[in-house]
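S.K.: Pasting protein_3.cif here (mmCIF, C-alpha atoms):
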```
data_upload
#
loop_
_atom_site.group_PDB
_atom_site.id
_atom_site.type_symbol
_atom_site.label_atom_id
_atom_site.label_comp_id
_atom_site.auth_asym_id
_atom_site.auth_seq_id
_atom_site.Cartn_x
_atom_site.Cartn_y
_atom_site.Cartn_z
ATOM 1 C CA MET Y 2 2.683 1.430 16.761
ATOM 2 C CA PRO Y 3 -0.295 2.525 14.676
ATOM 3 C CA GLN Y 4 -2.139 -0.372 13.123
ATOM 4 C CA PHE Y 5 -4.804 -0.236 10.456
ATOM 5 C CA GLU Y 6 -7.002 -3.036 9.278
ATOM 6 C CA LYS Y 7 -9.778 -2.677 6.752
ATOM 7 C CA VAL Y 8 -11.956 -5.269 5.064
ATOM 8 C CA HIS Y 9 -14.052 -3.754 2.315
ATOM 9 C CA THR Y 10 -16.018 -5.128 -0.630
ATOM 10 C CA VAL Y 11 -15.637 -3.200 -3.881
ATOM 11 C CA ALA Y 12 -17.320 -3.378 -7.281
ATOM 12 C CA HIS Y 13 -14.186 -4.569 -9.096
ATOM 13 C CA SER Y 14 -12.735 -8.026 -9.638
ATOM 14 C CA ALA Y 15 -10.009 -9.443 -7.415
ATOM 15 C CA ASP Y 16 -7.666 -9.652 -10.425
ATOM 16 C CA ASP Y 17 -8.232 -5.985 -11.310
ATOM 17 C CA MET Y 18 -7.662 -4.835 -7.731
ATOM 18 C CA PHE Y 19 -4.572 -7.005 -7.369
ATOM 19 C CA GLN Y 20 -3.129 -5.544 -10.577
ATOM 20 C CA LEU Y 21 -3.899 -1.997 -9.446
ATOM 21 C CA VAL Y 22 -2.132 -2.416 -6.087
ATOM 22 C CA ALA Y 23 0.742 -4.360 -7.686
ATOM 23 C CA ASP Y 24 1.451 -1.485 -10.110
ATOM 24 C CA ILE Y 25 3.424 0.428 -7.475
ATOM 25 C CA GLU Y 26 5.128 2.785 -9.943
ATOM 26 C CA GLN Y 27 1.777 4.535 -10.405
ATOM 27 C CA TYR Y 28 1.336 5.325 -6.692
ATOM 28 C CA PRO Y 29 2.565 8.942 -6.917
ATOM 29 C CA GLU Y 30 -0.439 9.664 -9.162
ATOM 30 C CA PHE Y 31 -3.070 8.807 -6.548
ATOM 31 C CA VAL Y 32 -1.790 7.441 -3.214
ATOM 32 C CA PRO Y 33 -2.018 9.912 -0.312
ATOM 33 C CA LEU Y 34 1.389 11.369 0.682
ATOM 34 C CA CYS Y 35 3.288 9.374 -1.981
ATOM 35 C CA GLN Y 36 5.446 11.887 -3.820
ATOM 36 C CA ALA Y 37 7.837 9.531 -5.627
ATOM 37 C CA LEU Y 38 8.419 5.824 -6.098
ATOM 38 C CA ALA Y 39 11.215 4.036 -7.931
ATOM 39 C CA ILE Y 40 11.752 0.308 -8.359
ATOM 40 C CA ARG Y 41 15.389 -0.610 -7.717
ATOM 41 C CA GLN Y 42 15.242 -4.332 -8.338
ATOM 42 C CA THR Y 43 12.824 -6.968 -9.668
ATOM 43 C CA ARG Y 44 13.251 -10.738 -9.487
ATOM 44 C CA GLU Y 45 11.228 -13.948 -9.490
ATOM 45 C CA LYS Y 46 11.393 -16.513 -6.712
ATOM 46 C CA ALA Y 47 9.149 -19.529 -6.121
ATOM 47 C CA GLY Y 48 6.394 -18.191 -8.374
ATOM 48 C CA ARG Y 49 6.408 -14.764 -6.738
ATOM 49 C CA GLU Y 50 7.593 -11.444 -8.086
ATOM 50 C CA ILE Y 51 9.831 -9.608 -5.610
ATOM 51 C CA LEU Y 52 10.441 -5.882 -5.948
ATOM 52 C CA VAL Y 53 12.704 -3.594 -3.979
ATOM 53 C CA ALA Y 54 11.426 -0.038 -4.153
ATOM 54 C CA ASP Y 55 12.213 3.394 -2.758
ATOM 55 C CA MET Y 56 9.264 5.580 -1.817
ATOM 56 C CA THR Y 57 9.258 9.228 -0.817
ATOM 57 C CA ALA Y 58 6.327 10.313 1.303
ATOM 58 C CA GLY Y 59 5.660 13.788 2.501
ATOM 59 C CA TYR Y 60 3.408 16.704 3.092
ATOM 60 C CA LYS Y 61 4.359 20.334 2.505
ATOM 61 C CA LYS Y 62 8.029 20.696 3.554
ATOM 62 C CA VAL Y 63 8.285 17.388 5.420
ATOM 63 C CA ARG Y 64 9.614 14.521 3.264
ATOM 64 C CA GLU Y 65 10.938 11.091 4.186
ATOM 65 C CA SER Y 66 12.205 8.315 1.931
ATOM 66 C CA PHE Y 67 12.273 4.625 2.722
ATOM 67 C CA THR Y 68 12.956 1.301 1.046
ATOM 68 C CA CYS Y 69 10.635 -1.722 1.069
ATOM 69 C CA GLN Y 70 10.584 -5.202 -0.362
ATOM 70 C CA VAL Y 71 7.276 -5.933 -2.081
ATOM 71 C CA VAL Y 72 6.264 -9.545 -2.714
ATOM 72 C CA LEU Y 73 3.545 -10.095 -5.326
ATOM 73 C CA ASN Y 74 1.811 -13.468 -5.282
ATOM 74 C CA ARG Y 75 -0.565 -13.477 -8.252
ATOM 75 C CA GLU Y 76 -1.755 -17.042 -7.570
ATOM 76 C CA THR Y 77 -3.132 -16.186 -4.111
ATOM 77 C CA ARG Y 78 -3.765 -12.498 -4.950
ATOM 78 C CA GLU Y 79 -1.654 -11.359 -2.000
ATOM 79 C CA ILE Y 80 0.812 -8.489 -1.733
ATOM 80 C CA GLN Y 81 3.172 -7.940 1.188
ATOM 81 C CA ALA Y 82 5.439 -4.925 1.668
ATOM 82 C CA SER Y 83 8.200 -5.248 4.265
ATOM 83 C CA TYR Y 84 10.429 -2.451 5.490
ATOM 84 C CA ILE Y 85 14.143 -2.477 4.626
ATOM 85 C CA ASP Y 86 15.552 0.979 5.373
ATOM 86 C CA GLY Y 87 14.533 4.517 6.294
ATOM 87 C CA PRO Y 88 12.825 6.394 9.135
ATOM 88 C CA PHE Y 89 10.733 3.508 10.441
ATOM 89 C CA LYS Y 90 11.490 1.084 13.228
ATOM 90 C CA TYR Y 91 9.313 -1.343 11.240
ATOM 91 C CA LEU Y 92 6.592 -1.283 8.592
ATOM 92 C CA ASP Y 93 4.469 -4.218 7.468
ATOM 93 C CA ASN Y 94 1.727 -3.797 4.856
ATOM 94 C CA ARG Y 95 -0.442 -6.596 3.473
ATOM 95 C CA TRP Y 96 -3.174 -6.760 0.852
ATOM 96 C CA ARG Y 97 -5.346 -9.761 0.000
ATOM 97 C CA PHE Y 98 -8.123 -9.867 -2.604
ATOM 98 C CA GLU Y 99 -10.966 -12.420 -2.611
ATOM 99 C CA GLU Y 100 -13.645 -12.787 -5.268
ATOM 100 C CA ALA Y 101 -17.056 -11.782 -3.865
ATOM 101 C CA GLY Y 102 -19.409 -12.469 -6.741
ATOM 102 C CA THR Y 103 -19.470 -11.280 -10.326
ATOM 103 C CA GLY Y 104 -17.251 -8.252 -10.779
ATOM 104 C CA ARG Y 105 -16.738 -7.744 -7.032
ATOM 105 C CA CYS Y 106 -14.086 -8.568 -4.496
ATOM 106 C CA THR Y 107 -13.315 -8.208 -0.834
ATOM 107 C CA VAL Y 108 -10.159 -6.231 -0.114
ATOM 108 C CA HIS Y 109 -8.232 -7.103 3.062
ATOM 109 C CA PHE Y 110 -5.764 -4.342 3.975
ATOM 110 C CA THR Y 111 -3.490 -4.259 7.022
ATOM 111 C CA LEU Y 112 -0.730 -1.871 7.951
ATOM 112 C CA ASP Y 113 1.455 -1.827 11.032
ATOM 113 C CA TYR Y 114 4.298 0.659 11.500
ATOM 114 C CA GLU Y 115 6.355 2.674 13.941
ATOM 115 C CA PHE Y 116 8.823 5.498 13.341
ATOM 116 C CA LYS Y 117 12.329 5.171 14.819
ATOM 117 C CA SER Y 118 12.209 8.679 16.240
ATOM 118 C CA ARG Y 119 9.587 9.964 18.684
ATOM 119 C CA ALA Y 120 10.045 13.444 17.214
ATOM 120 C CA LEU Y 121 9.299 12.168 13.714
ATOM 121 C CA GLN Y 122 6.336 10.192 15.052
ATOM 122 C CA MET Y 123 4.955 13.373 16.602
ATOM 123 C CA LEU Y 124 5.648 15.431 13.470
ATOM 124 C CA MET Y 125 4.399 12.991 10.829
ATOM 125 C CA GLY Y 126 2.391 10.444 12.787
ATOM 126 C CA SER Y 127 -1.035 12.065 12.607
ATOM 127 C CA MET Y 128 -0.512 12.897 8.933
ATOM 128 C CA PHE Y 129 0.438 9.285 8.152
ATOM 129 C CA ASP Y 130 -2.458 7.987 10.232
ATOM 130 C CA ARG Y 131 -4.975 10.042 8.233
ATOM 131 C CA ALA Y 132 -3.396 9.078 4.902
ATOM 132 C CA PHE Y 133 -3.113 5.368 5.687
ATOM 133 C CA GLY Y 134 -6.709 5.409 6.880
ATOM 134 C CA LYS Y 135 -7.700 6.501 3.355
ATOM 135 C CA PHE Y 136 -5.563 4.017 1.405
ATOM 136 C CA VAL Y 137 -8.331 1.564 0.518
ATOM 137 C CA GLN Y 138 -10.559 4.457 -0.572
ATOM 138 C CA ALA Y 139 -7.779 5.880 -2.782
ATOM 139 C CA PHE Y 140 -7.308 2.526 -4.509
ATOM 140 C CA GLU Y 141 -11.049 2.055 -4.970
ATOM 141 C CA GLN Y 142 -11.353 5.513 -6.532
ATOM 142 C CA ARG Y 143 -8.427 4.735 -8.831
ATOM 143 C CA ALA Y 144 -10.093 1.441 -9.844
ATOM 144 C CA ASP Y 145 -13.275 3.383 -10.677
ATOM 145 C CA GLU Y 146 -11.219 5.675 -12.926
ATOM 146 C CA LEU Y 147 -9.427 2.820 -14.689
ATOM 147 C CA TYR Y 148 -12.083 0.111 -14.866
ATOM 148 C CA GLY Y 149 -15.342 2.072 -14.673
ATOM 149 C CA GLU Y 150 -17.176 3.337 -11.665
ATOM 150 C CA GLY Y 151 -18.673 0.710 -9.385
ATOM 151 C CA ALA Y 152 -20.840 1.016 -6.333
ATOM 152 C CA ALA Y 153 -19.229 0.168 -3.004
ATOM 153 C CA VAL Y 154 -20.871 -2.863 -1.494
ATOM 154 C CA SER Y 155 -19.854 -2.519 2.147
#
```
Could you render the structure from this file as structure tokens?
M.R.:
Amino acid sequence: MPQFEKVHTVAHSADDMFQLVADIEQYPEFVPLCQALAIRQTREKAGREILVADMTAGYKKVRESFTCQVVLNRETREIQASYIDGPFKYLDNRWRFEEAGTGRCTVHFTLDYEFKSRALQMLMGSMFDRAFGKFVQAFEQRADELYGEGAAVS
């Protein structure tokens, strides 16, 4: 039942940040706990790109894999990941990017999840909580590397 919500203004455009988050195959390079990610399926529907992807997350000897559907809406700069299969009871992740002046945007990030097993929640829960709490920071740092370092605004 952990829930995270973060609204943060960064020194990168909404289009750049959307593209960075939408490029899910790169997550193992910089996203906390993400060890592997593979896209199984890609399709277009009603102006949206829909991906089905398998992600393996872990720390040390503990690893779990799960499948999500990711919906990319470039027009509204929104990304939604919905849980399909794996160790979670549910997982819902949303990103929204709004322009906030020249070369800046406000990132809206929400995550809500629960593991199926209490034992797994106890084993991995605090690790996931710490990692998910750093997601926006990880993406901002990656944007600095790719697009040039910017100063955080708030």
S.K.: Point out the residue among Y:Glu79, Y:Phe19, Y:Val32, Y:Gly102 with the least atom-to-atom distance to Y:Phe136, counting only C-alpha atoms.
M.R.: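 Smallest distance to Y:Phe136 is found for Y:Val32.
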S.K.: Within 6 Å of stretch 106-123 of chain Y, which residues of stretch 9-46 of chain Y come that close, and what is the closest atom pair and distance in Å for each? Count all atoms listed in the file and give it as a tab-separated table.
M.R.:
```
residue	atom	partner	partner_atom	distance
Y:His9	CA	Y:Val108	CA	5.2
Y:Thr10	CA	Y:Thr107	CA	4.1
Y:Val11	CA	Y:Cys106	CA	5.6
Y:Ser14	CA	Y:Cys106	CA	5.3
Y:Ala15	CA	Y:Cys106	CA	5.1
```
S.K.: What lies within 6 Å of stretch 33-48 of chain Y using all atoms listed in the file, ignoring chain neighbours under 3 positions off, as a PyMOL selection string?
M.R.: chain Y and resi 26+29+51-59+132
S.K.: Around stretch 73-92 of chain Y, with edges along x, y and z and 4 Å added on all six sides, what centre and edge lengths do you get, in Å to one decimal, as JSON?
M.R.:
```
{"center_x": 5.9, "center_y": -5.3, "center_z": 2.5, "size_x": 27.3, "size_y": 31.4, "size_z": 29.5}
```
S.K.: So, with all atoms listed in the file as the atoms that count, which of Y:Glu100, Y:Asp17, Y:Asp86, Y:Glu50 lies closest to Y:Leu73?
M.R.: Y:Glu50
S.K.: Choose the residue, out of Y:Ala101, Y:Val137, Y:Met18, Y:Ile25, that has the smallest atom-to-atom separation from Y:Gln70; count only C-alpha atoms.
M.R.: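 Residue with the minimum atom-to-atom distance to Y:Gln70: Y:Ile25.
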S.K.: Quick check, in Å to one decimal: how far apart do atom CA of Y:Thr68 and atom CA of Y:Ile85 lie?
M.R.: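 Result for atom CA of Y:Thr68 versus atom CA of Y:Ile85: 5.3 Å, one decimal.
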S.K.: Determine the residue membership of the PyMOL selection byres ((chain Y and resi 141) around 9) for the file above and supply it as a PyMOL selection string.
M.R.: chain Y and resi 11-13+18+136-140+142-146+151+153
S.K.: Between atom CA of Y:Arg78 and atom CA of Y:Tyr91, what distance in Å does the model show, to one decimal?
M.R.: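 These two atoms are separated by 23.6 Å.
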S.K.: Expressed in Å to a single decimal, how great is the separation between atom CA of Y:Glu99 and atom CA of Y:Arg131?
M.R.: 25.7 Å
S.K.: Determine the nearest neighbour of Y:Thr77 from the options Y:Phe5, Y:Lys90, Y:Asp24, Y:Arg97, counting all atoms listed in the file.
M.R.: Y:Arg97
S.K.: What would stretch 22-33 of chain Y look like with all heavy atoms in place, written as an mmCIF file, in the coordinates of the input?
M.R.:
```cif
data_model
loop_
_atom_site.group_PDB
_atom_site.id
_atom_site.type_symbol
_atom_site.label_atom_id
_atom_site.label_comp_id
_atom_site.auth_asym_id
_atom_site.auth_seq_id
_atom_site.Cartn_x
_atom_site.Cartn_y
_atom_site.Cartn_z
ATOM 1 N N VAL Y 22 -3.017 -2.565 -7.250
ATOM 2 C CA VAL Y 22 -2.132 -2.416 -6.087
ATOM 3 C C VAL Y 22 -0.714 -2.862 -6.435
ATOM 4 O O VAL Y 22 0.264 -2.275 -5.957
ATOM 5 C CB VAL Y 22 -2.693 -3.176 -4.863
ATOM 6 C CG1 VAL Y 22 -1.730 -3.095 -3.685
ATOM 7 C CG2 VAL Y 22 -4.057 -2.601 -4.462
ATOM 8 N N ALA Y 23 -0.580 -3.858 -7.300
ATOM 9 C CA ALA Y 23 0.742 -4.360 -7.686
ATOM 10 C C ALA Y 23 1.516 -3.366 -8.555
ATOM 11 O O ALA Y 23 2.744 -3.402 -8.596
ATOM 12 C CB ALA Y 23 0.606 -5.692 -8.433
ATOM 13 N N ASP Y 24 0.818 -2.454 -9.213
ATOM 14 C CA ASP Y 24 1.451 -1.485 -10.110
ATOM 15 C C ASP Y 24 1.972 -0.294 -9.298
ATOM 16 O O ASP Y 24 1.513 0.840 -9.429
ATOM 17 C CB ASP Y 24 0.453 -1.035 -11.171
ATOM 18 C CG ASP Y 24 1.099 -0.245 -12.291
ATOM 19 O OD1 ASP Y 24 2.347 -0.128 -12.329
ATOM 20 O OD2 ASP Y 24 0.337 0.283 -13.125
ATOM 21 N N ILE Y 25 2.972 -0.554 -8.467
ATOM 22 C CA ILE Y 25 3.424 0.428 -7.475
ATOM 23 C C ILE Y 25 4.030 1.684 -8.097
ATOM 24 O O ILE Y 25 4.019 2.745 -7.469
ATOM 25 C CB ILE Y 25 4.390 -0.200 -6.447
ATOM 26 C CG1 ILE Y 25 5.691 -0.651 -7.093
ATOM 27 C CG2 ILE Y 25 3.708 -1.349 -5.710
ATOM 28 C CD1 ILE Y 25 6.722 -1.144 -6.087
ATOM 29 N N GLU Y 26 4.542 1.598 -9.314
ATOM 30 C CA GLU Y 26 5.128 2.785 -9.943
ATOM 31 C C GLU Y 26 4.100 3.888 -10.181
ATOM 32 O O GLU Y 26 4.469 5.052 -10.336
ATOM 33 C CB GLU Y 26 5.812 2.398 -11.252
ATOM 34 C CG GLU Y 26 7.084 1.604 -11.021
ATOM 35 C CD GLU Y 26 7.733 1.179 -12.321
ATOM 36 O OE1 GLU Y 26 7.097 0.419 -13.070
ATOM 37 O OE2 GLU Y 26 8.868 1.610 -12.558
ATOM 38 N N GLN Y 27 2.832 3.536 -10.184
ATOM 39 C CA GLN Y 27 1.777 4.535 -10.405
ATOM 40 C C GLN Y 27 1.332 5.229 -9.115
ATOM 41 O O GLN Y 27 0.555 6.184 -9.153
ATOM 42 C CB GLN Y 27 0.563 3.874 -11.074
ATOM 43 C CG GLN Y 27 0.878 3.235 -12.414
ATOM 44 C CD GLN Y 27 1.507 4.206 -13.394
ATOM 45 O OE1 GLN Y 27 1.026 5.309 -13.594
ATOM 46 N NE2 GLN Y 27 2.622 3.796 -13.991
ATOM 47 N N TYR Y 28 1.793 4.774 -7.970
ATOM 48 C CA TYR Y 28 1.336 5.325 -6.692
ATOM 49 C C TYR Y 28 1.437 6.845 -6.574
ATOM 50 O O TYR Y 28 0.528 7.475 -6.025
ATOM 51 C CB TYR Y 28 2.080 4.682 -5.519
ATOM 52 C CG TYR Y 28 1.662 3.268 -5.178
ATOM 53 C CD1 TYR Y 28 0.871 2.501 -6.021
ATOM 54 C CD2 TYR Y 28 2.082 2.697 -3.996
ATOM 55 C CE1 TYR Y 28 0.519 1.201 -5.690
ATOM 56 C CE2 TYR Y 28 1.723 1.398 -3.651
ATOM 57 C CZ TYR Y 28 0.948 0.656 -4.510
ATOM 58 O OH TYR Y 28 0.590 -0.617 -4.167
ATOM 59 N N PRO Y 29 2.502 7.478 -7.072
ATOM 60 C CA PRO Y 29 2.565 8.942 -6.917
ATOM 61 C C PRO Y 29 1.386 9.673 -7.560
ATOM 62 O O PRO Y 29 1.078 10.805 -7.198
ATOM 63 C CB PRO Y 29 3.887 9.320 -7.598
ATOM 64 C CG PRO Y 29 4.733 8.095 -7.466
ATOM 65 C CD PRO Y 29 3.751 6.946 -7.626
ATOM 66 N N GLU Y 30 0.703 9.035 -8.500
ATOM 67 C CA GLU Y 30 -0.439 9.664 -9.162
ATOM 68 C C GLU Y 30 -1.686 9.743 -8.276
ATOM 69 O O GLU Y 30 -2.540 10.586 -8.506
ATOM 70 C CB GLU Y 30 -0.780 8.921 -10.449
ATOM 71 C CG GLU Y 30 0.292 9.032 -11.507
ATOM 72 C CD GLU Y 30 -0.101 8.338 -12.796
ATOM 73 O OE1 GLU Y 30 -1.312 8.107 -13.031
ATOM 74 O OE2 GLU Y 30 0.804 8.011 -13.576
ATOM 75 N N PHE Y 31 -1.798 8.834 -7.274
ATOM 76 C CA PHE Y 31 -3.070 8.807 -6.548
ATOM 77 C C PHE Y 31 -2.998 8.398 -5.075
ATOM 78 O O PHE Y 31 -3.992 8.537 -4.354
ATOM 79 C CB PHE Y 31 -4.069 7.878 -7.268
ATOM 80 C CG PHE Y 31 -3.711 6.425 -7.211
ATOM 81 C CD1 PHE Y 31 -4.266 5.601 -6.234
ATOM 82 C CD2 PHE Y 31 -2.828 5.865 -8.121
ATOM 83 C CE1 PHE Y 31 -3.942 4.256 -6.176
ATOM 84 C CE2 PHE Y 31 -2.500 4.522 -8.075
ATOM 85 C CZ PHE Y 31 -3.058 3.722 -7.100
ATOM 86 N N VAL Y 32 -1.883 7.901 -4.603
ATOM 87 C CA VAL Y 32 -1.790 7.441 -3.214
ATOM 88 C C VAL Y 32 -1.480 8.629 -2.298
ATOM 89 O O VAL Y 32 -0.529 9.372 -2.558
ATOM 90 C CB VAL Y 32 -0.720 6.339 -3.061
ATOM 91 C CG1 VAL Y 32 -0.493 5.980 -1.605
ATOM 92 C CG2 VAL Y 32 -1.135 5.097 -3.844
ATOM 93 N N PRO Y 33 -2.252 8.799 -1.231
ATOM 94 C CA PRO Y 33 -2.018 9.912 -0.312
ATOM 95 C C PRO Y 33 -0.578 9.930 0.214
ATOM 96 O O PRO Y 33 -0.037 8.891 0.587
ATOM 97 C CB PRO Y 33 -2.994 9.646 0.838
ATOM 98 C CG PRO Y 33 -4.070 8.809 0.245
ATOM 99 C CD PRO Y 33 -3.389 7.971 -0.811
#
```
